[in-house]
Amino acid sequence: MVGPAPGGGSPLENANPLIYRRSGERPVTAREEDDELPDSIDDREIFDLIRSINDPEHPLTLEELNVVEPVRVKVNDAESTVVVEFTPTIPHCSMATLIGLSIKVKLIRSLPERFKVDVHITPGTHASEHAVNKQLADKERVAAALENSHLLEVVNQCLSARS
């Protein structure tokens, strides 16, 4: 751990993370604008929902830190499933559960109820990946976490637009 955290809190775990270029905005197609055609949800639409989530430790988005990438998002609209793998910036990131919870909450709030959302750590990228994935997959643990007002406030900060 190095350097003070923003706002004078505990030291940052990764004081100098690599910053990646944001991908461009997705062009809207004529098919997507046609109200007569069914609008299926695809990988890029899900990535667009989560790319701007704020990192809990840095004034950067998950996309800018390469925590989320388009290639790690899989959607099957017909089967109503969304799978997102995320990659913490360091193998011992203590914010991994919070990041995963923020992604999961954003998708649950944004998608129709028919979707089953699976958010987990990219295999081999975190020391506690099994424990974090187990927490994120447990509906009751996620619901209990969101009943904690302080934790919910932190998640909402991650999901809010930066000014």
# chains A, B, ... in the order shown; residues from 1 in each chain; ligands from 1

$ residues_around --residues "Val155 in chain A" --least-positions-apart "5" --cutoff "9 Å" --atoms "only C-alpha atoms" --output "list in words"
Pro56, Leu98, Ile99, Leu101, Ser102, Val105, Leu146, His150 and Ser160 of chain A

$ residues_around --residues "Ala145 in chain A" --least-positions-apart "3" --cutoff "12 Å" --atoms "only C-alpha atoms" --output "JSON, numbers by chain"
{"A": [97, 98, 101, 102, 105, 135, 136, 138, 139, 140, 141, 142, 148, 149, 150, 151, 152, 153, 154, 155]}

$ closest_atom_pairs --of "range 36-95 of chain A" --to "range 115-132 of chain A" --cutoff "9 Å" --atoms "only C-alpha atoms" --output "JSON lines"
{"residue": "A:Arg72", "atom": "CA", "partner": "A:Thr122", "partner_atom": "CA", "distance": 8.2}
{"residue": "A:Asp77", "atom": "CA", "partner": "A:Phe115", "partner_atom": "CA", "distance": 8.2}
{"residue": "A:Glu79", "atom": "CA", "partner": "A:Phe115", "partner_atom": "CA", "distance": 8.1}
{"residue": "A:Ser80", "atom": "CA", "partner": "A:Phe115", "partner_atom": "CA", "distance": 4.5}
{"residue": "A:Thr81", "atom": "CA", "partner": "A:Lys116", "partner_atom": "CA", "distance": 4.9}
{"residue": "A:Val82", "atom": "CA", "partner": "A:Val117", "partner_atom": "CA", "distance": 4.9}
{"residue": "A:Val83", "atom": "CA", "partner": "A:Asp118", "partner_atom": "CA", "distance": 4.7}
{"residue": "A:Val84", "atom": "CA", "partner": "A:Val119", "partner_atom": "CA", "distance": 4.8}
{"residue": "A:Glu85", "atom": "CA", "partner": "A:Thr122", "partner_atom": "CA", "distance": 5.0}
{"residue": "A:Phe86", "atom": "CA", "partner": "A:Ile121", "partner_atom": "CA", "distance": 5.0}
{"residue": "A:Thr87", "atom": "CA", "partner": "A:Thr122", "partner_atom": "CA", "distance": 5.4}
{"residue": "A:Pro88", "atom": "CA", "partner": "A:His126", "partner_atom": "CA", "distance": 6.9}
{"residue": "A:Thr89", "atom": "CA", "partner": "A:Thr125", "partner_atom": "CA", "distance": 8.6}
{"residue": "A:Ile90", "atom": "CA", "partner": "A:His126", "partner_atom": "CA", "distance": 7.2}
{"residue": "A:Pro91", "atom": "CA", "partner": "A:His126", "partner_atom": "CA", "distance": 4.1}
{"residue": "A:His92", "atom": "CA", "partner": "A:Ala127", "partner_atom": "CA", "distance": 5.7}
{"residue": "A:Cys93", "atom": "CA", "partner": "A:His126", "partner_atom": "CA", "distance": 7.4}

$ select_by_dssp --residues "range 86-146 of chain A" --states "strand (DSSP E)" --output "number ranges by chain"
A: 86, 116-121

$ closest_residue --among "A:Val73, A:Ile103, A:Ala144, A:Ala161" --to "Glu45 in chain A" --atoms "only C-alpha atoms"
A:Val73
